[in-house]
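Student: Attaching a single structure in structure tokens format; questions to follow.
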Number of protein chains: 2
Amino acid sequence: MATIKDIAKQAGVSISTVSYALNGSPKVTNETTERILAIAKELNYIPNAAARSLKTRETKIIGIFLTDFNGAFYGDLLQGTKDFLARKGYELIVCSGKQSHWMLPERMIDGAIILDVTFESEELVRYADRGHKLVVLDRELSHANINQVLLDNKAGATLATEHLIEEGHRKIYAVTGPGSSYDSKQRLQAVMQVVERNAGIELIVMEGDFNKEGGELAAKRIMAESEEGLVSAAVFCFNDEMAIGMFNYLAEYRPDIRIGEHIHIVGFDNMELASYSQPRLTTIDYSKHKWGALAAEQLVKLINGDTVEHERIYVTLLKGKSVGPGN
Amino acid sequence: MATIKDIAKQAGVSISTVSYALNGSPKVTNETTERILAIAKELNYIPNAAARSLKTRETKIIGIFLTDFNGAFYGDLLQGTKDFLARKGYELIVCSGKQSHWMLPERMIDGAIILDVTFESEELVRYADRGHKLVVLDRELSHANINQVLLDNKAGATLATEHLIEEGHRKIYAVTGPGSSYDSKQRLQAVMQVVERNAGIELIVMEGDFNKEGGELAAKRIMAESEEGLVSAAVFCFNDEMAIGMFNYLAEYRPDIRIGEHIHIVGFDNMELASYSQPRLTTIDYSKHKWGALAAEQLVKLINGDTVEHERIYVTLLKGKSVGPGN
DNA sequence: TTGTAAGCGTTATCAG
DNA sequence: CTGATAACGCTTACAA
């Protein structure tokens with residue numbers, strides 16, 4: 001492994017000259033720079049990231065922390081983040097699991113984007129206190145070194161609920177995420193507000209888990225609650241994954257029940273899988289690419305010491321065929 | 001940011017003693033170790049990864065390089081990799097794009113797993129020549145520092161093709177991946193061998209792209225080729241993604257054509273989405289979790305200087321409802 | 001324009 | 001058992 005020392009020796013100059021030349025400093029003559037570059041190529045010189053960042057105190061790497069690697073949901077978001085960061089000269093790495101948290105405090109990354117409820121806020125604040133820059137996508141957190149880029153949960157949940165009501169449904173089931181989820185809490189709050197504003201609406205809340213299982217279980221319970229042969233439920237699943245679970249359960253155990261006719265389902269996220277559901281799931285849509293890009297932008301600003309305001313990702317209602325008129 | 005120097009000063013010992021204590025060396029008295037640990041905690045000491053790896057020449061990080069972040073396909077594989085590595089004290093980071101390649105030569109990672117055809121073999125060999133350890137999942141590459149963990153494409157393609165033949169199909173379409181894909185080439189070769197071994201089979205090869213678009217296009221072409229109202233095609237799509245594209249095309253433009261009856265489709269990969277197709281896609285299945293874990297295992301062995309043989313991931317035929325008897 | 005030299009925060013080899 | 005001290009490879013004042 002050739003080092004700048006080797007190059008310096010070959011070129012008959014000092015290591016600082018080599019360093020300057022390699023970094024394209026105007027302090028070095030063009031000819032010496034070229035000579036040094038030539039020798040560097042000849043020796044297959046490659047800089048050592050550890051040495052560089054030990055000195056510069058930065059790695060030019062940003063980490064994004066996800067709950068798991070089941071990217072079905074994250075693909076676009078990651079692409080958005082990566083695209084933006086690439087333009088700013090940063091690398092993106094995807095991490096998952098508590099094990100990987102050390103990368104932030106040990107300065108292996110210059111900043112982090114958090115989309116992982118299992119990452120405790122207390123821990124995040126501790127890092128922020130140490131001067132690390134963070135952008136959170138899944139919670140509210142006030143700190144000079146932390147910026148939030150959150151979904152407009154309130155708007156989304158309101159759109160979803162009002163849509164069900166407008167279609168004439170009077171009994172609405174809300175299948176939430178886990179109780180600890182910020183997004184879930186926000187959505188539930190909005191649902192309750194809408195229900196309060198509209199007379200004669202019955203709201204039944206069921207705690208879910210944001211996974212398919214939660215949707216299946218909710219479907220089972222709703223079916224059990226309904227009178228024989230007289231099912232007419234309107235359900236707002238707080239994410240698409242649970243909505244899909246509900247579709248699965250119904251397809252398997254209740255082929256007599258038709259979605260969009262006997263039972264009406266709205267999801268949240270508009271994940272790719274949802275576009276394949278039969279009938280097409282009605283859901284809340286938003287640009288995941290933009291979400292990722294904006295998070296990256298905020299993080300880079302934070303790192304550069306610019307002041308940043310919290311941001312919000314706007315959502316829209318995407319009407320599918322999974323909701324029909326009520327009776 | 002407290003360093004071992006600060007701790008040494010506080011504790012009234014030398015930095016080497018601190019280093020030993022921190023690393024749990026038995027060379028230091030229990031009491032001094034405890035005192036040092038206490039001071040370290042008090043000062044919120046956190047080691048600096050760059051400094052450590054500059055010295056030790058390792059980062060305990062493994063990178064996996066993917067073509068893109070659309071993890072719909074990779075989730076399980078990544079989980080398998082991560083689980084294994086965690087047990088061995090390594091961290092896993094996911095990278096994508098040419099931009100990120102520097103992490104290997106610049107020693108930001110101790111080794112890499114490659115599942116990205118856009119990563120040129122020549123470049124990989126160059127890194128291997130420099131002593132970097134690699135495991136490739138998508139090509140054959142012979143080098144002391146490179147190990148392969150490949151899918152048993154031959155078995156998979158053979159199973160798929162033979163299944164179609166056993167069901168009585170005589171005209172078989174093969175929709176390949178891009179010409180540059182190793183997996184695609186292997187599969188095509190196996191298909192051709194099966195066809196040769198069986199008399200009276202007509203094989204039509206169409207080049208695809210491993211994406212949904214390729215499947216859609218192939219479906220369009222197959223429909224165009226077929227006589228009016230007399231469609232009876234058996235298609236082996238070299239991956240599920242294209243098979244899904246084919247399903248989509250048919251659902252949209254040819255609702256008269258029934259899959260598993262007029263047209264028969266086999267995929268490859270058994271991705272999650274495939275389990276939601278209507279009818280259930282017949283495909284080639286294998287354990288993605290095991291694939292990832294095995295790749296990780298081989299890489300760690302390589303890093304430790306152990307000798308390793310190339311490995312193979314076995315596959316099975318998963319019968320769905322997308323293939324019915326021929327006429 | 002180039003060279004000298006002082007670190008960056010660790011680990012590890014010696015002595016003591 | 002503990003302490004000096006020399007690396008690791010690079011950047012960056014400051015000198016020349």
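By convention in this document, the chains of the structure tokens carry letters A, B, ... by their order, each chain's residues are numbered from 1, and ligands are numbered from 1 in the order they are shown.
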Could you give me, as a PDB file with C-alpha atoms (C1' of nucleotides), in the first residue's frame, the residues within 12 Å of DA5 (chain C), counting only C-alpha atoms (C1' of nucleotides) and dropping anything in the same chain fewer than 5 positions from it?
Tutor:
ATOM      1  CA  SER A  14       8.190  16.447   0.876  1.00  0.00           C
ATOM      2  CA  ILE A  15       4.988  14.790   1.942  1.00  0.00           C
ATOM      3  CA  SER A  16       3.238  18.097   2.348  1.00  0.00           C
TER       4      SER A  16
ATOM      5  C1'  DT D  11      -3.626  17.771   6.770  1.00  0.00           C
ATOM      6  C1'  DT D  12      -2.089  22.234   7.664  1.00  0.00           C
ATOM      7  C1'  DA D  13       0.069  26.108   9.912  1.00  0.00           C
ATOM      8  C1'  DC D  14       4.370  28.157   9.678  1.00  0.00           C
ATOM      9  C1'  DA D  15       9.129  28.594   7.880  1.00  0.00           C
TER      10       DA D  15
END
Student: Which neighbours of DT1 (chain C) fall inside 12 Å, counting only C-alpha atoms (C1' of nucleotides), when residues of the same chain fewer than 4 positions from it are skipped, and could you give them as a list in words?
Tutor: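 Contacts, in chain order: Val13, Thr17, Tyr20, Ala21, Ser25, Pro26, Lys27, Val28, Thr29, Asn30, Glu31, Thr32 and Thr33 of chain A; DA16 of chain D.
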Student: Near chain A, which residues of chain C fall within 7 Å when you count only C-alpha atoms (C1' of nucleotides), and what do they look like as a PyMOL selection string?
Tutor: chain C and resi 1-3+8
Student: I want to know what sits within 7 Å of Lys171 (chain B), based on only C-alpha atoms (C1' of nucleotides), with residues of the same chain fewer than 4 positions away left out; could you give that as JSON, numbers by chain?
Tutor: {"B": [201, 202, 203, 233, 234]}
Student: For the selection you just gave me, I'd like the residues written to a file as a PDB file, in the first residue's frame, keeping all heavy atoms.
Tutor:
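Below you can see selection_16.pdb, which holds the result:
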ATOM      1  N   ILE B 201     -39.719 -29.964 -28.703  1.00  0.00           N
ATOM      2  CA  ILE B 201     -39.992 -28.735 -27.962  1.00  0.00           C
ATOM      3  C   ILE B 201     -39.502 -27.540 -28.762  1.00  0.00           C
ATOM      4  O   ILE B 201     -38.376 -27.535 -29.257  1.00  0.00           O
ATOM      5  CB  ILE B 201     -39.261 -28.741 -26.597  1.00  0.00           C
ATOM      6  CG1 ILE B 201     -39.635 -29.971 -25.790  1.00  0.00           C
ATOM      7  CG2 ILE B 201     -39.560 -27.445 -25.837  1.00  0.00           C
ATOM      8  CD1 ILE B 201     -41.055 -29.995 -25.317  1.00  0.00           C
ATOM      9  N   GLU B 202     -40.377 -26.565 -28.891  1.00  0.00           N
ATOM     10  CA  GLU B 202     -39.972 -25.354 -29.594  1.00  0.00           C
ATOM     11  C   GLU B 202     -39.631 -24.295 -28.550  1.00  0.00           C
ATOM     12  O   GLU B 202     -40.435 -24.016 -27.663  1.00  0.00           O
ATOM     13  CB  GLU B 202     -41.128 -24.868 -30.473  1.00  0.00           C
ATOM     14  CG  GLU B 202     -40.771 -23.633 -31.291  1.00  0.00           C
ATOM     15  CD  GLU B 202     -42.003 -23.095 -32.039  1.00  0.00           C
ATOM     16  OE1 GLU B 202     -43.096 -23.701 -31.896  1.00  0.00           O
ATOM     17  OE2 GLU B 202     -41.891 -22.097 -32.728  1.00  0.00           O
ATOM     18  N   LEU B 203     -38.448 -23.728 -28.682  1.00  0.00           N
ATOM     19  CA  LEU B 203     -38.027 -22.705 -27.706  1.00  0.00           C
ATOM     20  C   LEU B 203     -37.907 -21.344 -28.376  1.00  0.00           C
ATOM     21  O   LEU B 203     -37.259 -21.205 -29.414  1.00  0.00           O
ATOM     22  CB  LEU B 203     -36.669 -23.091 -27.108  1.00  0.00           C
ATOM     23  CG  LEU B 203     -36.027 -22.038 -26.182  1.00  0.00           C
ATOM     24  CD1 LEU B 203     -36.838 -21.880 -24.911  1.00  0.00           C
ATOM     25  CD2 LEU B 203     -34.587 -22.420 -25.843  1.00  0.00           C
ATOM     26  N   ALA B 233     -49.569 -20.349 -24.559  1.00  0.00           N
ATOM     27  CA  ALA B 233     -48.131 -20.178 -24.423  1.00  0.00           C
ATOM     28  C   ALA B 233     -47.661 -20.598 -23.043  1.00  0.00           C
ATOM     29  O   ALA B 233     -48.385 -20.470 -22.058  1.00  0.00           O
ATOM     30  CB  ALA B 233     -47.771 -18.723 -24.671  1.00  0.00           C
ATOM     31  N   ALA B 234     -46.451 -21.132 -23.002  1.00  0.00           N
ATOM     32  CA  ALA B 234     -45.828 -21.453 -21.725  1.00  0.00           C
ATOM     33  C   ALA B 234     -44.583 -20.578 -21.634  1.00  0.00           C
ATOM     34  O   ALA B 234     -43.748 -20.589 -22.539  1.00  0.00           O
ATOM     35  CB  ALA B 234     -45.444 -22.920 -21.676  1.00  0.00           C
TER      36      ALA B 234
END
Student: Run DSSP on the backbone and give me the residues of region 6-249 of chain A it puts in alpha helix (DSSP H), as JSON, numbers by chain.
Tutor: {"A": [6, 7, 8, 9, 10, 11, 15, 16, 17, 18, 19, 20, 21, 22, 30, 31, 32, 33, 34, 35, 36, 37, 38, 39, 40, 41, 42, 49, 50, 51, 52, 53, 54, 55, 56, 75, 76, 77, 78, 79, 80, 81, 82, 83, 84, 85, 86, 87, 121, 122, 123, 124, 125, 126, 127, 128, 129, 153, 154, 155, 156, 157, 158, 159, 160, 161, 162, 163, 164, 165, 166, 182, 183, 184, 185, 186, 187, 188, 189, 190, 191, 192, 193, 194, 195, 196, 197, 212, 213, 214, 215, 216, 217, 218, 219, 220, 221, 222, 223, 224, 225, 240, 241, 242, 243, 244, 245, 246, 247, 248, 249]}
Student: Between CA of Arg107 (chain B) and CA of Asn48 (chain A), what is the distance, to one decimal in Å?
Tutor: 6.5 Å
Student: Counting only C-alpha atoms (C1' of nucleotides), what is within 12 Å of Phe119 (chain B), bar same-chain residues fewer than 2 positions away, as a ChimeraX atom specification?
Tutor: /B:64-68,95-101,112-117,121-127,136-139,180-181
Student: Pick out the residues sitting within 6 Å of region 72-83 of chain A, and hand them over as a list in words; count only C-alpha atoms (C1' of nucleotides), and ignore anything fewer than 6 positions along from it in its own chain.
Tutor: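 Near neighbours after the sequence-gap exclusion: Leu92, Lys288, His289, Gly292, Ala293 and Ala296 of chain A; Phe69, Asn70, Gly71 and Ala72 of chain B.
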Student: Include N, CA, C and O atoms and write out the residues we just selected as a PDB file, in the first residue's frame.
Tutor:
ATOM      1  N   LEU A  92     -24.016   7.696   1.194  1.00  0.00           N
ATOM      2  CA  LEU A  92     -25.093   7.230   2.068  1.00  0.00           C
ATOM      3  C   LEU A  92     -24.894   5.768   2.412  1.00  0.00           C
ATOM      4  O   LEU A  92     -24.631   4.949   1.533  1.00  0.00           O
ATOM      5  N   LYS A 288     -42.207   9.671  -1.417  1.00  0.00           N
ATOM      6  CA  LYS A 288     -41.148   9.137  -0.556  1.00  0.00           C
ATOM      7  C   LYS A 288     -39.780   9.643  -1.009  1.00  0.00           C
ATOM      8  O   LYS A 288     -38.887   9.873  -0.202  1.00  0.00           O
ATOM      9  N   HIS A 289     -39.661   9.816  -2.280  1.00  0.00           N
ATOM     10  CA  HIS A 289     -38.400  10.338  -2.823  1.00  0.00           C
ATOM     11  C   HIS A 289     -38.119  11.728  -2.259  1.00  0.00           C
ATOM     12  O   HIS A 289     -37.019  12.017  -1.797  1.00  0.00           O
ATOM     13  N   GLY A 292     -37.123  11.661   1.437  1.00  0.00           N
ATOM     14  CA  GLY A 292     -35.719  11.322   1.631  1.00  0.00           C
ATOM     15  C   GLY A 292     -34.804  12.468   1.245  1.00  0.00           C
ATOM     16  O   GLY A 292     -33.831  12.778   1.949  1.00  0.00           O
ATOM     17  N   ALA A 293     -35.104  13.092   0.125  1.00  0.00           N
ATOM     18  CA  ALA A 293     -34.250  14.179  -0.356  1.00  0.00           C
ATOM     19  C   ALA A 293     -34.279  15.354   0.609  1.00  0.00           C
ATOM     20  O   ALA A 293     -33.240  15.956   0.920  1.00  0.00           O
ATOM     21  N   ALA A 296     -32.273  14.675   3.689  1.00  0.00           N
ATOM     22  CA  ALA A 296     -30.843  14.817   3.401  1.00  0.00           C
ATOM     23  C   ALA A 296     -30.458  16.293   3.355  1.00  0.00           C
ATOM     24  O   ALA A 296     -29.434  16.701   3.915  1.00  0.00           O
TER      25      ALA A 296
ATOM     26  N   PHE B  69     -31.752   0.435  -4.124  1.00  0.00           N
ATOM     27  CA  PHE B  69     -32.264   0.244  -2.774  1.00  0.00           C
ATOM     28  C   PHE B  69     -33.669  -0.337  -2.744  1.00  0.00           C
ATOM     29  O   PHE B  69     -34.310  -0.331  -1.707  1.00  0.00           O
ATOM     30  N   ASN B  70     -34.145  -0.796  -3.890  1.00  0.00           N
ATOM     31  CA  ASN B  70     -35.498  -1.321  -3.898  1.00  0.00           C
ATOM     32  C   ASN B  70     -35.549  -2.691  -3.245  1.00  0.00           C
ATOM     33  O   ASN B  70     -35.672  -3.717  -3.897  1.00  0.00           O
ATOM     34  N   GLY B  71     -35.452  -2.649  -1.962  1.00  0.00           N
ATOM     35  CA  GLY B  71     -35.254  -3.846  -1.163  1.00  0.00           C
ATOM     36  C   GLY B  71     -36.322  -4.900  -1.202  1.00  0.00           C
ATOM     37  O   GLY B  71     -36.204  -5.919  -0.540  1.00  0.00           O
ATOM     38  N   ALA B  72     -37.374  -4.664  -1.973  1.00  0.00           N
ATOM     39  CA  ALA B  72     -38.425  -5.661  -2.037  1.00  0.00           C
ATOM     40  C   ALA B  72     -37.807  -7.052  -2.145  1.00  0.00           C
ATOM     41  O   ALA B  72     -38.288  -8.009  -1.565  1.00  0.00           O
TER      42      ALA B  72
END
Student: Report the residues of region 109-271 of chain A whose backbone DSSP state falls under strand (DSSP E or B), written as a PyMOL selection string.
Tutor: chain A and resi 111-115+133-136+143+146-151+171-176+202-207+233-237+259+263-266
Student: Please identify all polymer residues within 9 Å of Val149 (chain A), counting only C-alpha atoms (C1' of nucleotides), omitting same-chain residues fewer than 2 positions from it, and present them as a PyMOL selection string.
Tutor: chain A and resi 135-139+147+151+291+294-295+298+310-313
Student: Give me a file of those residues, with N, CA, C and O atoms, as a PDB file, in the first residue's frame.
Tutor:
ATOM      1  N   VAL A 135     -31.407  14.104  11.731  1.00  0.00           N
ATOM      2  CA  VAL A 135     -32.726  14.450  11.207  1.00  0.00           C
ATOM      3  C   VAL A 135     -33.640  13.275  11.537  1.00  0.00           C
ATOM      4  O   VAL A 135     -33.319  12.126  11.221  1.00  0.00           O
ATOM      5  N   VAL A 136     -34.743  13.563  12.199  1.00  0.00           N
ATOM      6  CA  VAL A 136     -35.668  12.484  12.565  1.00  0.00           C
ATOM      7  C   VAL A 136     -36.907  12.537  11.679  1.00  0.00           C
ATOM      8  O   VAL A 136     -37.433  13.602  11.390  1.00  0.00           O
ATOM      9  N   LEU A 137     -37.336  11.369  11.258  1.00  0.00           N
ATOM     10  CA  LEU A 137     -38.499  11.275  10.379  1.00  0.00           C
ATOM     11  C   LEU A 137     -39.688  10.643  11.081  1.00  0.00           C
ATOM     12  O   LEU A 137     -40.734  10.451  10.481  1.00  0.00           O
ATOM     13  N   ASP A 138     -39.497  10.284  12.321  1.00  0.00           N
ATOM     14  CA  ASP A 138     -40.524   9.479  12.969  1.00  0.00           C
ATOM     15  C   ASP A 138     -40.859   9.916  14.384  1.00  0.00           C
ATOM     16  O   ASP A 138     -41.364   9.131  15.174  1.00  0.00           O
ATOM     17  N   ARG A 139     -40.557  11.157  14.707  1.00  0.00           N
ATOM     18  CA  ARG A 139     -40.886  11.649  16.060  1.00  0.00           C
ATOM     19  C   ARG A 139     -40.644  13.148  16.135  1.00  0.00           C
ATOM     20  O   ARG A 139     -40.002  13.717  15.263  1.00  0.00           O
ATOM     21  N   ASN A 147     -33.186  18.064  13.500  1.00  0.00           N
ATOM     22  CA  ASN A 147     -34.237  18.638  12.675  1.00  0.00           C
ATOM     23  C   ASN A 147     -35.273  17.555  12.394  1.00  0.00           C
ATOM     24  O   ASN A 147     -34.941  16.379  12.340  1.00  0.00           O
ATOM     25  N   LEU A 151     -44.133  13.468   8.240  1.00  0.00           N
ATOM     26  CA  LEU A 151     -45.308  13.345   7.391  1.00  0.00           C
ATOM     27  C   LEU A 151     -46.416  14.189   7.985  1.00  0.00           C
ATOM     28  O   LEU A 151     -46.504  14.347   9.200  1.00  0.00           O
ATOM     29  N   TRP A 291     -39.363  12.984   0.401  1.00  0.00           N
ATOM     30  CA  TRP A 291     -39.157  12.887   1.846  1.00  0.00           C
ATOM     31  C   TRP A 291     -37.675  12.635   2.136  1.00  0.00           C
ATOM     32  O   TRP A 291     -37.048  13.320   2.955  1.00  0.00           O
ATOM     33  N   LEU A 294     -35.460  15.657   1.103  1.00  0.00           N
ATOM     34  CA  LEU A 294     -35.588  16.787   2.015  1.00  0.00           C
ATOM     35  C   LEU A 294     -34.851  16.503   3.329  1.00  0.00           C
ATOM     36  O   LEU A 294     -34.173  17.379   3.880  1.00  0.00           O
ATOM     37  N   ALA A 295     -34.969  15.281   3.785  1.00  0.00           N
ATOM     38  CA  ALA A 295     -34.258  14.905   5.016  1.00  0.00           C
ATOM     39  C   ALA A 295     -32.760  15.101   4.828  1.00  0.00           C
ATOM     40  O   ALA A 295     -32.074  15.653   5.691  1.00  0.00           O
ATOM     41  N   GLN A 298     -31.844  18.818   4.789  1.00  0.00           N
ATOM     42  CA  GLN A 298     -31.848  19.410   6.131  1.00  0.00           C
ATOM     43  C   GLN A 298     -30.602  18.994   6.905  1.00  0.00           C
ATOM     44  O   GLN A 298     -29.997  19.807   7.610  1.00  0.00           O
ATOM     45  N   HIS A 310     -38.103  23.075  10.940  1.00  0.00           N
ATOM     46  CA  HIS A 310     -38.644  21.735  10.740  1.00  0.00           C
ATOM     47  C   HIS A 310     -39.460  21.721   9.460  1.00  0.00           C
ATOM     48  O   HIS A 310     -40.025  22.736   9.057  1.00  0.00           O
ATOM     49  N   GLU A 311     -39.537  20.558   8.825  1.00  0.00           N
ATOM     50  CA  GLU A 311     -40.267  20.469   7.566  1.00  0.00           C
ATOM     51  C   GLU A 311     -41.389  19.432   7.646  1.00  0.00           C
ATOM     52  O   GLU A 311     -41.409  18.579   8.536  1.00  0.00           O
ATOM     53  N   ARG A 312     -42.278  19.521   6.691  1.00  0.00           N
ATOM     54  CA  ARG A 312     -43.448  18.660   6.679  1.00  0.00           C
ATOM     55  C   ARG A 312     -43.637  18.122   5.266  1.00  0.00           C
ATOM     56  O   ARG A 312     -43.428  18.849   4.289  1.00  0.00           O
ATOM     57  N   ILE A 313     -44.017  16.860   5.161  1.00  0.00           N
ATOM     58  CA  ILE A 313     -44.262  16.265   3.853  1.00  0.00           C
ATOM     59  C   ILE A 313     -45.767  16.174   3.640  1.00  0.00           C
ATOM     60  O   ILE A 313     -46.480  15.554   4.436  1.00  0.00           O
TER      61      ILE A 313
END
Student: Do you have the CA of Arg170 (chain A)-CA of Cys237 (chain A) distance handy?
Tutor: 16.2 Å
Student: Sorted by chain and rising residue number, which residues of chain D lie within 8 Å of chain A, and what are their closest atom pairs and distances in Å to one decimal, counting only C-alpha atoms (C1' of nucleotides), as a tab-separated table?
Tutor:
residue	atom	partner	partner_atom	distance
D:DC8	C1'	A:Ala51	CA	7.7
D:DG9	C1'	A:Ala51	CA	5.0
D:DC10	C1'	A:Arg52	CA	5.1
D:DT11	C1'	A:Lys55	CA	6.3
Student: Using only C-alpha atoms, find the one residue out of B:Glu167, B:Asp306, B:Glu106, B:Glu272 that sits nearest to chain A.
Tutor: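 For chain A, the nearest of the given residues is B:Glu106.
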Student: Could you check how far CA of Ser232 (chain A) sits from CA of Leu164 (chain A), in Å to one decimal?
Tutor: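 These atoms are spaced 12.2 Å apart.
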Student: Considering only C-alpha atoms, state which residue in the set B:Phe210, B:Tyr314, B:Tyr90, B:Phe84 is at the smallest distance from chain A.
Tutor: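 Nearest candidate to chain A out of B:Phe210, B:Tyr314, B:Tyr90, B:Phe84: B:Tyr90.
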